[in-house]
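Asker: Sending over start_18.txt (compact mmCIF, C-alpha atoms).
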```txt
# COMPACT_ATOMS: atom_id res chain seq x y z
CA MET A 1 28.54 164.56 115.35
CA ARG A 2 28.25 162.13 112.45
CA LYS A 3 29.55 164.82 110.08
CA ILE A 4 32.63 165.38 112.23
CA ILE A 5 33.44 161.66 112.29
CA LEU A 6 32.99 161.40 108.52
CA LEU A 7 35.21 164.46 108.00
CA SER A 8 37.98 163.01 110.17
CA LEU A 9 37.79 159.72 108.35
CA PHE A 10 38.04 161.53 105.02
CA ILE A 11 41.17 163.39 106.18
CA LEU A 12 42.84 160.16 107.34
CA ILE A 13 42.05 158.44 104.06
CA CYS A 14 43.58 161.38 102.16
CA ILE A 15 46.67 161.39 104.34
CA SER A 16 47.06 157.63 104.11
CA GLY A 17 46.73 157.74 100.37
CA PHE A 18 49.34 160.42 100.06
CA ALA A 19 51.74 158.60 102.31
CA GLN A 20 51.80 155.75 99.84
CA ASN A 21 52.93 158.16 97.09
CA ILE A 22 56.21 159.09 98.85
CA ARG A 23 59.22 156.81 98.84
CA ILE A 24 62.90 157.30 99.55
CA GLU A 25 65.60 155.60 97.49
CA GLU A 26 69.40 155.38 97.26
CA SER A 27 70.04 156.46 100.84
CA LYS A 28 73.64 156.95 101.96
CA VAL A 29 75.11 157.93 105.30
CA LYS A 30 78.90 158.24 105.36
CA GLU A 31 81.63 159.98 107.33
CA SER A 32 84.74 161.67 106.01
CA ASP A 33 87.04 164.34 107.40
CA ASP A 34 84.88 164.76 110.52
CA GLN A 35 81.74 165.40 108.46
CA VAL A 36 78.70 163.13 108.16
CA PHE A 37 77.27 163.11 104.64
CA VAL A 38 73.59 162.25 104.19
CA SER A 39 72.05 161.76 100.77
CA PHE A 40 68.97 160.15 99.29
CA ILE A 41 66.33 160.66 96.60
CA VAL A 42 62.70 161.43 97.36
CA VAL A 43 60.29 160.09 94.76
CA ALA A 44 56.98 161.98 95.08
CA ASP A 45 53.70 162.53 93.20
CA LYS A 46 51.95 165.85 92.70
CA ILE A 47 50.10 166.89 95.87
CA LYS A 48 46.81 168.72 96.25
CA SER A 49 46.70 172.44 95.55
CA ASN A 50 46.33 173.66 99.16
CA GLU A 51 48.70 171.13 100.81
CA ARG A 52 52.20 171.38 102.15
CA LEU A 53 54.30 168.28 102.92
CA THR A 54 57.37 168.71 105.13
CA LEU A 55 59.96 165.88 105.16
CA ILE A 56 62.33 166.17 108.12
CA PRO A 57 65.47 163.94 107.94
CA THR A 58 66.73 163.06 111.43
CA LEU A 59 69.93 161.31 112.50
CA TYR A 60 69.60 159.46 115.79
CA ASN A 61 71.25 156.94 118.08
CA GLY A 62 69.42 156.06 121.28
CA ASP A 63 68.35 159.30 122.96
CA LYS A 64 70.71 161.39 120.85
CA SER A 65 69.39 162.97 117.65
CA GLN A 66 70.01 165.77 115.17
CA THR A 67 67.36 167.22 112.87
CA LEU A 68 68.55 168.10 109.36
CA THR A 69 67.28 170.67 106.89
CA PRO A 70 63.74 169.68 105.80
CA ILE A 71 62.35 169.15 102.31
CA ILE A 72 59.10 171.05 101.63
CA ILE A 73 56.71 169.98 98.88
CA VAL A 74 53.72 172.23 98.10
CA GLY A 75 50.65 172.30 95.88
CA TYR A 76 49.84 175.09 93.39
CA ASN A 77 47.67 177.34 95.62
CA ARG A 78 49.92 176.79 98.62
CA ALA A 79 52.94 177.92 96.63
CA ILE A 80 51.17 181.17 95.70
CA SER A 81 50.12 181.75 99.32
CA ASP A 82 53.63 181.11 100.67
CA LYS A 83 55.11 183.55 98.17
CA ARG A 84 52.55 186.22 99.09
CA HIS A 85 53.37 185.82 102.79
CA ASN A 86 57.15 185.54 102.26
CA ALA A 87 57.11 182.02 103.70
CA VAL A 88 59.73 179.38 102.91
CA GLN A 89 59.27 178.32 99.32
CA GLY A 90 58.57 174.65 98.67
CA ILE A 91 58.94 172.35 95.67
CA ARG A 92 56.01 171.75 93.32
CA THR A 93 56.08 168.16 92.17
CA LYS A 94 54.80 166.13 89.26
CA HIS A 95 54.05 162.41 89.05
CA ASN A 96 57.05 160.30 90.19
CA GLN A 97 59.26 163.35 90.45
CA ARG A 98 62.74 162.60 91.85
CA ILE A 99 64.07 165.11 94.37
CA PRO A 100 67.76 164.68 95.33
CA TYR A 101 68.84 165.52 98.85
CA ALA A 102 72.39 165.96 100.13
CA LEU A 103 73.71 167.50 103.31
CA SER A 104 76.69 167.32 105.63
CA VAL A 105 76.90 168.01 109.35
CA PRO A 106 79.83 167.92 111.80
CA TYR A 107 80.58 164.44 113.14
CA GLN A 108 79.81 163.76 116.80
CA SER A 109 80.97 160.73 118.75
CA TRP A 110 77.44 159.32 119.14
CA MET A 111 77.17 159.10 115.34
CA ALA A 112 79.65 156.21 115.02
CA ASP A 113 76.67 153.85 114.58
CA VAL A 114 73.75 155.97 113.49
CA SER A 115 70.23 155.61 112.09
CA LEU A 116 68.35 157.91 109.73
CA ARG A 117 64.61 158.44 109.59
CA VAL A 118 62.40 160.92 107.80
CA ASP A 119 59.62 162.49 109.85
CA ARG A 120 56.65 163.66 107.75
CA LYS A 121 54.12 166.42 108.37
CA ILE A 122 51.18 167.20 106.08
CA GLU A 123 49.32 170.53 106.23
CA SER A 124 46.19 171.66 104.41
CA CYS A 125 44.11 174.82 104.74
CA CYS A 126 42.63 173.79 108.07
CA THR A 127 44.51 170.71 109.35
CA GLU A 128 48.03 169.63 110.32
CA GLN A 129 48.99 166.02 110.86
CA MET A 130 52.23 164.17 111.65
CA LEU A 131 52.54 160.99 109.61
CA VAL A 132 54.38 157.84 110.56
CA SER A 133 58.14 158.35 110.27
CA GLN A 134 59.91 156.41 107.56
CA ALA A 135 63.06 154.49 108.50
CA VAL A 136 65.76 155.12 105.92
CA ALA A 137 68.90 153.59 107.50
CA GLN A 138 69.13 151.44 110.60
CA ASN A 139 72.28 151.26 112.79
CA ARG A 140 74.53 152.32 109.95
CA PRO A 141 78.21 152.20 111.02
CA ILE A 142 79.86 155.30 109.61
CA ARG A 143 83.10 155.44 111.55
CA TYR A 144 85.34 152.86 113.16
CA ASP A 145 88.56 153.94 114.81
CA VAL A 146 91.02 151.08 114.55
CA THR A 147 92.98 150.32 117.69
CA LEU A 148 96.31 148.92 116.62
CA PRO A 149 98.76 147.57 119.18
CA LYS A 150 102.40 148.51 118.92
CA ILE A 151 104.29 145.53 117.53
CA GLU A 152 107.58 144.80 119.26
CA VAL A 153 110.59 144.10 117.08
CA MET A 154 111.26 140.41 116.66
CA GLN A 155 113.98 138.70 118.64
CA GLU A 156 116.46 136.75 116.57
CA GLU A 157 116.20 133.01 116.95
CA LEU A 158 119.59 131.98 118.24
CA SER A 159 121.55 129.40 116.32
CA PRO A 160 123.28 126.62 118.31
CA LEU A 161 126.54 128.58 118.01
CA LYS A 162 125.04 131.80 119.39
CA LYS A 163 123.39 129.89 122.20
CA LEU A 164 126.83 128.50 123.03
CA ASP A 165 128.24 132.03 122.84
CA ALA A 166 125.85 133.06 125.62
CA GLU A 167 127.07 130.18 127.77
CA THR A 168 130.77 130.05 126.87
CA PRO A 169 133.04 132.97 127.84
CA PHE A 170 135.88 132.03 125.47
CA LEU A 171 133.59 132.37 122.42
CA ALA A 172 132.62 135.83 121.19
CA PRO A 173 131.63 137.72 118.02
CA MET A 174 134.33 139.43 116.01
CA THR A 175 133.22 142.84 117.28
CA GLU A 176 134.97 142.06 120.60
CA TYR A 177 138.26 140.98 119.01
CA LYS A 178 140.12 144.28 119.17
CA ILE A 179 139.41 144.84 122.87
CA VAL A 180 140.70 141.40 123.81
CA LYS A 181 143.75 141.47 121.54
CA GLU A 182 144.91 144.77 122.98
CA ASN A 183 144.42 143.79 126.59
CA PHE A 184 145.50 140.32 127.66
CA ASP A 185 144.13 140.87 131.17
CA VAL A 186 140.67 141.31 129.62
CA MET A 187 141.14 138.14 127.64
CA ARG A 188 142.10 136.14 130.71
CA ALA A 189 139.61 137.74 133.12
CA GLU A 190 136.63 137.20 130.85
CA GLY A 191 136.97 133.46 130.72
CA ALA A 192 139.49 132.38 128.14
CA LEU A 193 139.78 128.64 127.66
CA ILE A 194 142.89 127.28 129.37
CA ILE A 195 145.06 124.33 128.39
CA HIS A 196 147.51 123.37 131.17
CA PHE A 197 150.94 121.82 130.64
CA ARG A 198 153.02 119.80 133.03
CA GLN A 199 156.16 121.48 134.33
CA GLY A 200 158.75 121.84 131.57
CA LYS A 201 156.55 119.99 129.02
CA LYS A 202 155.12 121.11 125.70
CA ILE A 203 152.83 118.15 125.01
CA ILE A 204 149.05 118.46 125.46
CA ASP A 205 148.00 115.90 128.07
CA PRO A 206 144.17 115.44 128.06
CA THR A 207 144.37 113.85 131.52
CA PHE A 208 146.14 116.81 133.15
CA GLU A 209 144.02 119.29 135.14
CA GLU A 210 140.79 119.94 133.12
CA ASN A 211 142.41 119.66 129.69
CA GLY A 212 140.02 116.93 128.56
CA LYS A 213 136.99 119.15 129.17
CA SER A 214 138.66 122.17 127.52
CA LEU A 215 139.66 120.19 124.42
CA THR A 216 136.09 118.90 124.04
CA GLN A 217 134.78 122.46 124.27
CA ILE A 218 137.07 123.84 121.60
CA ILE A 219 136.32 120.92 119.25
CA ASN A 220 132.56 121.46 119.73
CA VAL A 221 132.87 125.17 118.93
CA LEU A 222 134.91 124.58 115.78
CA ASP A 223 132.40 121.94 114.69
CA LEU A 224 129.43 124.28 115.20
CA ILE A 225 131.12 127.05 113.22
CA ALA A 226 131.87 124.62 110.38
CA LYS A 227 128.23 123.48 110.25
CA ASP A 228 126.65 126.94 110.39
CA PRO A 229 126.53 128.46 106.88
CA ALA A 230 125.99 131.92 108.35
CA THR A 231 129.15 131.95 110.47
CA SER A 232 132.89 131.53 110.04
CA ILE A 233 136.01 131.80 112.17
CA GLY A 234 137.24 135.39 112.39
CA LYS A 235 140.21 135.03 114.72
CA ILE A 236 141.59 132.59 117.25
CA VAL A 237 143.81 134.27 119.81
CA LEU A 238 146.40 132.05 121.55
CA ALA A 239 148.31 133.45 124.50
CA GLY A 240 151.23 131.32 125.64
CA ALA A 241 152.55 131.64 129.17
CA SER A 242 154.63 129.84 131.77
CA SER A 243 155.06 129.99 135.52
CA PRO A 244 157.88 132.20 136.90
CA GLU A 245 159.96 129.20 138.04
CA GLY A 246 163.13 128.70 136.01
CA THR A 247 165.03 131.18 133.82
CA ALA A 248 163.15 133.87 131.87
CA LYS A 249 164.82 132.80 128.61
CA LEU A 250 163.77 129.19 129.02
CA ASN A 251 160.25 130.21 130.00
CA ASP A 252 159.88 132.42 126.92
CA PHE A 253 161.01 129.58 124.69
CA LEU A 254 158.67 127.14 126.42
CA ALA A 255 155.71 129.47 126.06
CA GLU A 256 156.39 129.85 122.33
CA GLN A 257 156.67 126.08 121.92
CA ARG A 258 153.37 125.57 123.69
CA ILE A 259 151.65 128.07 121.39
CA GLN A 260 152.90 126.12 118.38
CA VAL A 261 151.67 122.82 119.85
CA LEU A 262 148.25 124.33 120.39
CA ARG A 263 148.26 125.83 116.89
CA ASP A 264 149.05 122.39 115.43
CA PHE A 265 146.20 120.90 117.43
CA LEU A 266 143.69 123.46 116.09
CA ASN A 267 144.88 122.98 112.52
CA SER A 268 144.29 119.25 112.89
CA LYS A 269 140.62 119.98 113.70
CA THR A 270 139.81 122.66 111.15
CA THR A 271 141.39 124.47 108.21
CA LEU A 272 142.80 127.79 109.37
CA SER A 273 144.77 130.42 107.49
CA LEU A 274 147.76 132.14 109.05
CA SER A 275 145.78 135.38 109.31
CA GLN A 276 143.12 133.72 111.42
CA ILE A 277 145.43 132.91 114.33
CA GLU A 278 146.91 135.58 116.59
CA SER A 279 149.70 134.54 118.96
CA VAL A 280 150.71 136.36 122.13
CA ASN A 281 153.80 135.15 124.03
CA ILE A 282 153.34 136.27 127.62
CA GLY A 283 156.42 134.44 128.89
CA GLU A 284 156.52 134.36 132.68
CA ASP A 285 153.04 135.12 133.94
CA TRP A 286 153.86 137.42 136.86
CA THR A 287 150.51 139.23 136.49
CA GLY A 288 148.64 135.99 136.94
CA LEU A 289 150.78 135.06 139.95
CA ARG A 290 150.23 138.41 141.63
CA LYS A 291 146.42 138.06 141.32
CA MET A 292 146.54 134.60 142.86
CA VAL A 293 148.62 135.84 145.77
CA GLU A 294 146.42 138.88 146.30
CA GLN A 295 143.27 136.77 146.38
CA SER A 296 144.78 134.17 148.77
CA ASN A 297 145.22 133.91 152.52
CA MET A 298 148.83 132.72 152.33
CA GLN A 299 151.36 133.65 154.98
CA TYR A 300 153.60 136.65 154.26
CA LYS A 301 151.22 137.76 151.55
CA ASN A 302 152.16 141.45 151.74
CA GLU A 303 155.88 140.70 151.66
CA VAL A 304 155.43 138.58 148.51
CA LEU A 305 153.39 141.33 146.83
CA ASP A 306 156.04 143.93 147.65
CA ILE A 307 158.77 141.84 146.00
CA ILE A 308 156.64 141.26 142.87
CA ASP A 309 155.73 144.97 142.65
CA TYR A 310 159.08 146.58 143.38
CA VAL A 311 161.86 144.13 142.43
CA PRO A 312 162.49 143.85 138.65
CA VAL A 313 162.84 140.38 137.18
CA MET A 314 166.36 141.13 135.98
CA LYS A 315 167.32 142.31 139.50
CA GLY A 316 166.61 138.99 141.13
CA ARG A 317 162.85 139.01 141.81
CA GLU A 318 162.56 135.21 141.78
CA LYS A 319 165.70 134.78 143.95
CA GLN A 320 164.30 137.11 146.62
CA LEU A 321 161.04 135.17 146.66
CA MET A 322 162.95 131.92 147.06
CA ASP A 323 164.94 133.38 149.98
CA LEU A 324 161.94 134.95 151.75
CA LYS A 325 161.32 133.22 155.11
CA GLN A 326 163.63 130.32 154.25
CA GLY A 327 161.64 129.59 151.07
CA GLY A 328 158.31 128.92 152.84
CA PRO A 329 156.16 131.33 150.74
CA TYR A 330 157.89 130.26 147.52
CA ASN A 331 157.25 126.57 148.18
CA TYR A 332 153.61 127.37 148.94
CA MET A 333 153.26 129.18 145.59
CA LYS A 334 155.08 126.39 143.81
CA GLU A 335 152.54 123.89 145.15
CA HIS A 336 149.36 125.93 144.87
CA PHE A 337 149.86 128.58 142.17
CA PHE A 338 152.58 127.60 139.71
CA PRO A 339 150.75 124.55 138.27
CA LYS A 340 147.87 126.83 137.26
CA LEU A 341 150.28 129.18 135.49
CA ARG A 342 151.91 126.47 133.39
CA SER A 343 149.65 127.08 130.40
CA ALA A 344 149.86 127.87 126.73
CA GLY A 345 146.32 128.28 126.54
CA TYR A 346 144.54 131.34 127.05
CA ILE A 347 142.37 130.72 124.00
CA ARG A 348 139.63 132.97 122.67
CA VAL A 349 137.62 132.19 119.53
CA PHE A 350 135.98 135.03 117.60
CA TYR A 351 133.42 134.30 114.90
CA GLU A 352 131.91 136.33 112.09
CA SER A 353 128.21 136.15 111.27
CA LYS A 354 126.50 137.04 108.02
CA PRO A 355 123.59 139.40 108.72
CA ASP A 356 120.14 137.83 108.41
CA ALA A 357 118.70 140.10 105.72
CA ALA A 358 115.15 138.76 106.11
CA PHE A 359 115.25 139.24 109.87
CA GLU A 360 116.57 142.79 109.53
CA ARG A 361 113.96 143.68 106.89
CA SER A 362 111.18 142.32 109.09
CA ASN A 363 112.25 144.53 111.98
CA GLU A 364 112.60 147.52 109.66
CA ALA A 365 109.01 146.86 108.53
CA ILE A 366 107.85 146.75 112.15
CA GLU A 367 109.50 150.10 112.87
CA LEU A 368 107.81 151.62 109.81
CA TYR A 369 104.46 150.12 110.82
CA ASN A 370 104.76 151.59 114.32
CA ASN A 371 105.49 154.98 112.68
CA LYS A 372 102.34 154.57 110.49
CA GLU A 373 104.44 154.39 107.32
CA TYR A 374 102.41 151.47 106.01
CA ARG A 375 103.38 151.60 102.32
CA ASP A 376 107.11 151.64 103.11
CA ALA A 377 106.59 148.77 105.55
CA LEU A 378 105.02 146.69 102.77
CA ILE A 379 107.99 147.43 100.51
CA ARG A 380 110.36 146.10 103.21
CA LEU A 381 108.32 142.91 103.43
CA GLU A 382 108.41 142.16 99.69
CA GLU A 383 111.57 140.06 99.95
CA VAL A 384 110.72 138.44 103.30
CA LYS A 385 109.39 134.92 103.42
CA SER A 386 105.88 134.35 104.67
CA THR A 387 105.60 133.70 108.42
CA ALA A 388 102.81 134.14 110.93
CA ALA A 389 104.35 137.40 112.15
CA THR A 390 105.11 138.92 108.72
CA GLU A 391 101.66 138.04 107.34
CA ASN A 392 100.03 139.78 110.31
CA ILE A 393 102.10 142.93 109.71
CA ARG A 394 101.39 142.77 105.98
CA GLY A 395 97.66 142.37 106.59
CA VAL A 396 97.40 145.28 109.02
CA CYS A 397 99.35 147.58 106.68
CA HIS A 398 96.98 146.75 103.80
CA MET A 399 94.01 147.34 106.13
CA MET A 400 95.24 150.79 107.15
CA LEU A 401 95.74 151.66 103.48
CA GLY A 402 92.15 150.67 102.69
CA GLU A 403 93.22 147.62 100.65
CA TYR A 404 90.73 145.31 102.34
CA ASP A 405 90.88 142.29 100.03
CA LYS A 406 94.67 142.07 100.36
CA ALA A 407 94.34 142.67 104.10
CA GLY A 408 91.87 139.83 104.51
CA ALA A 409 94.01 137.38 102.55
CA ALA A 410 97.15 138.16 104.58
CA LEU A 411 95.41 138.14 107.97
CA ASN A 412 93.64 134.84 107.29
CA LYS A 413 96.98 133.35 106.31
CA ALA A 414 98.51 134.70 109.55
CA VAL A 415 95.75 133.00 111.54
CA GLU A 416 96.37 129.72 109.72
CA LEU A 417 100.06 129.99 110.61
CA GLY A 418 99.22 130.50 114.28
CA ASN A 419 99.30 134.26 114.86
CA THR A 420 96.67 135.01 117.51
CA GLU A 421 96.87 138.79 117.08
CA ALA A 422 95.63 138.45 113.50
CA THR A 423 92.21 137.28 114.78
CA GLU A 424 91.62 140.66 116.41
CA SER A 425 92.88 142.42 113.28
CA LEU A 426 90.33 140.48 111.21
CA ARG A 427 87.54 141.60 113.53
CA GLN A 428 88.58 145.22 113.08
CA LEU A 429 88.81 144.71 109.33
CA GLU A 430 85.14 143.61 109.22
CA LYS A 431 84.16 146.73 111.13
CA LEU A 432 86.00 148.91 108.63
CA LYS A 433 84.41 147.12 105.67
CA ALA A 434 80.97 147.65 107.19
CA VAL A 435 81.65 151.38 107.41
CA GLN A 436 82.49 151.47 103.69
CA ARG A 437 79.33 149.75 102.51
```
Hey, can you dump this file as structure tokens for me?
Answerer:
Amino acid sequence: MRKIILLSLFILICISGFAQNIRIEESKVKESDDQVFVSFIVVADKIKSNERLTLIPTLYNGDKSQTLTPIIIVGYNRAISDKRHNAVQGIRTKHNQRIPYALSVPYQSWMADVSLRVDRKIESCCTEQMLVSQAVAQNRPIRYDVTLPKIEVMQEELSPLKKLDAETPFLAPMTEYKIVKENFDVMRAEGALIIHFRQGKKIIDPTFEENGKSLTQIINVLDLIAKDPATSIGKIVLAGASSPEGTAKLNDFLAEQRIQVLRDFLNSKTTLSLSQIESVNIGEDWTGLRKMVEQSNMQYKNEVLDIIDYVPVMKGREKQLMDLKQGGPYNYMKEHFFPKLRSAGYIRVFYESKPDAAFERSNEAIELYNNKEYRDALIRLEEVKSTAATENIRGVCHMMLGEYDKAGAALNKAVELGNTEATESLRQLEKLKAVQR
């Protein structure tokens, strides 16, 4: 019994001594192209003649593991025996011999954060013993899949003029000019500014109807255009009209005179060239009158509409209206409709805007980023001033290109400028950097 105990103790001492003569250096565990690459160097001493040492690298994460191809180190006699029996040939080592090891295996999802150990088994002529495993790499992150949100294109910050455009029907960008110029009904229906004139007069009276309010509006618009370096007046369309009362010739003349008065007023408020003002002489505004009648509840409405629709002006349209029902409908229109038609002032202002190159480039960069064209996105951002949004885009593009120092600098700047999304991007950047270590 004593001999058996002494023999076991001797074996443990031998095994323990050998275990101290094995060390693993320069370990690397990396992932690329769906392959996990494992490499390290085993530094070993010469082992006893009849011994075989098996080193078994093992990747693991929790209860998942994968055993890799082992390294076998043998002594002199064991090498001869293995060859005689056609066994797997091992490596005969010398003092401090360095044995390189490199292997790749297909990546599996559980390997995103993985550990590597080396299990060790020592065999002699009559014993076999598993040694304590050696930890080589602990919780090594080898892959991190970045989750990037889609960035929405930026909305242009509206200037005071464009804000007014959204609220003021008579103001519009130059792109709408042709439609309005070619269709006066569109111009009037879509909210042209109106200046009213007293019957037979061509003087602008701020106290008449809502002229005071309208004049203030037009002055405000011209002032905003003058102050905005990115905008200028494209066209001002003036449509002069008169009510149907009186002779057509006189009404045409009056409408033209009212246009000129309004033109003089605008020129007194801003410098305009002749090409910037378009004049339309409507003369007698029968179209406007017909719409008012149609939308009213006046007596003899259908009879009035029939006369307007089927009796030409030169064939006595106004005279028939005056004679209809002893002049009752005509007097009603004269009181309720004609004053609203005595205007020279269907006014529409069209402005031109210089494109915001920086804004357009920023949105082009966002589109390229969303299409994963990160290098082209960075090129678009070269001439764009630094903002919280642009620094975030710049940082993420550098991150996806593997330019981590530039990414960190841009994302930290984005955080300083108030971009909350950049904080999450920084967290992902640290994960990526850890994978590369």
Asker: I want to know what sits within 12 Å of Lys319 (chain A), based on only C-alpha atoms, with residues of the same chain fewer than 2 positions away left out; could you give that as an mmCIF file with C-alpha atoms, in the coordinates of the input?
Answerer:
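As a result, result_8.cif now contains:
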```
data_model
loop_
_atom_site.group_PDB
_atom_site.id
_atom_site.type_symbol
_atom_site.label_atom_id
_atom_site.label_comp_id
_atom_site.auth_asym_id
_atom_site.auth_seq_id
_atom_site.Cartn_x
_atom_site.Cartn_y
_atom_site.Cartn_z
ATOM 1 C CA PRO A 244 157.880 132.200 136.900
ATOM 2 C CA GLU A 245 159.960 129.200 138.040
ATOM 3 C CA GLY A 246 163.130 128.700 136.010
ATOM 4 C CA THR A 247 165.030 131.180 133.820
ATOM 5 C CA VAL A 304 155.430 138.580 148.510
ATOM 6 C CA ILE A 307 158.770 141.840 146.000
ATOM 7 C CA ILE A 308 156.640 141.260 142.870
ATOM 8 C CA VAL A 311 161.860 144.130 142.430
ATOM 9 C CA PRO A 312 162.490 143.850 138.650
ATOM 10 C CA VAL A 313 162.840 140.380 137.180
ATOM 11 C CA MET A 314 166.360 141.130 135.980
ATOM 12 C CA LYS A 315 167.320 142.310 139.500
ATOM 13 C CA GLY A 316 166.610 138.990 141.130
ATOM 14 C CA ARG A 317 162.850 139.010 141.810
ATOM 15 C CA LEU A 321 161.040 135.170 146.660
ATOM 16 C CA MET A 322 162.950 131.920 147.060
ATOM 17 C CA ASP A 323 164.940 133.380 149.980
ATOM 18 C CA LEU A 324 161.940 134.950 151.750
ATOM 19 C CA GLN A 326 163.630 130.320 154.250
ATOM 20 C CA GLY A 327 161.640 129.590 151.070
ATOM 21 C CA TYR A 330 157.890 130.260 147.520
#
```
Asker: Find the nearest atom pair between each residue of region 155-184 of chain A and region 217-222 of chain A for residues within 12 Å, count all atoms listed in the file, give distances in Å to one decimal, sort rows by chain and ascending number, and present the table as CSV.
Answerer:
```
residue,atom,partner,partner_atom,distance
A:Pro160,CA,A:Val221,CA,9.7
A:Leu161,CA,A:Val221,CA,7.2
A:Lys162,CA,A:Val221,CA,10.3
A:Lys163,CA,A:Val221,CA,11.1
A:Leu164,CA,A:Val221,CA,8.0
A:Asp165,CA,A:Val221,CA,9.2
A:Glu167,CA,A:Gln217,CA,11.5
A:Thr168,CA,A:Gln217,CA,9.0
A:Pro169,CA,A:Gln217,CA,11.2
A:Phe170,CA,A:Ile218,CA,9.1
A:Leu171,CA,A:Val221,CA,8.0
A:Ala172,CA,A:Val221,CA,10.9
```
Asker: How many Å separate CA of Lys413 (chain A) from CA of Gln155 (chain A)?
Answerer: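 According to the coordinates, CA of Lys413 (chain A) and CA of Gln155 (chain A) are separated by 21.7 Å.
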Asker: Would you kindly identify which residues have an atom no farther than 10 Å from (68.7, 167.6, 109.4), using only C-alpha atoms and the file's own coordinates, and write them out as an MDAnalysis selection string?
Answerer: chainID A and resid 38 55:59 65:71 103:105 116 118
Asker: So the first atom is CA of Phe350 (chain A) and the second is CA of Glu176 (chain A); what is the distance between them in Å, to one decimal place?
Answerer: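 Going from CA of Phe350 (chain A) over to CA of Glu176 (chain A) covers 7.7 Å.
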Asker: Tell me, in Å to one decimal, how far CA of Gly288 (chain A) is from CA of Gly328 (chain A).
Answerer: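 Value for the CA of Gly288 (chain A)-CA of Gly328 (chain A) distance: 19.9 Å.
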Asker: Residues at most 12 Å from Glu152 (chain A), counting only C-alpha atoms, excluding those fewer than 4 positions away in the same chain, as a PyMOL selection string?
Answerer: chain A and resi 362-370+389+393
Asker: Rank A:Asp252, A:Glu383, A:Asp228, A:Glu318 by their smallest atom-to-atom distance to Glu352 (chain A), using all atoms listed in the file, and report the top residue only.
Answerer: A:Asp228
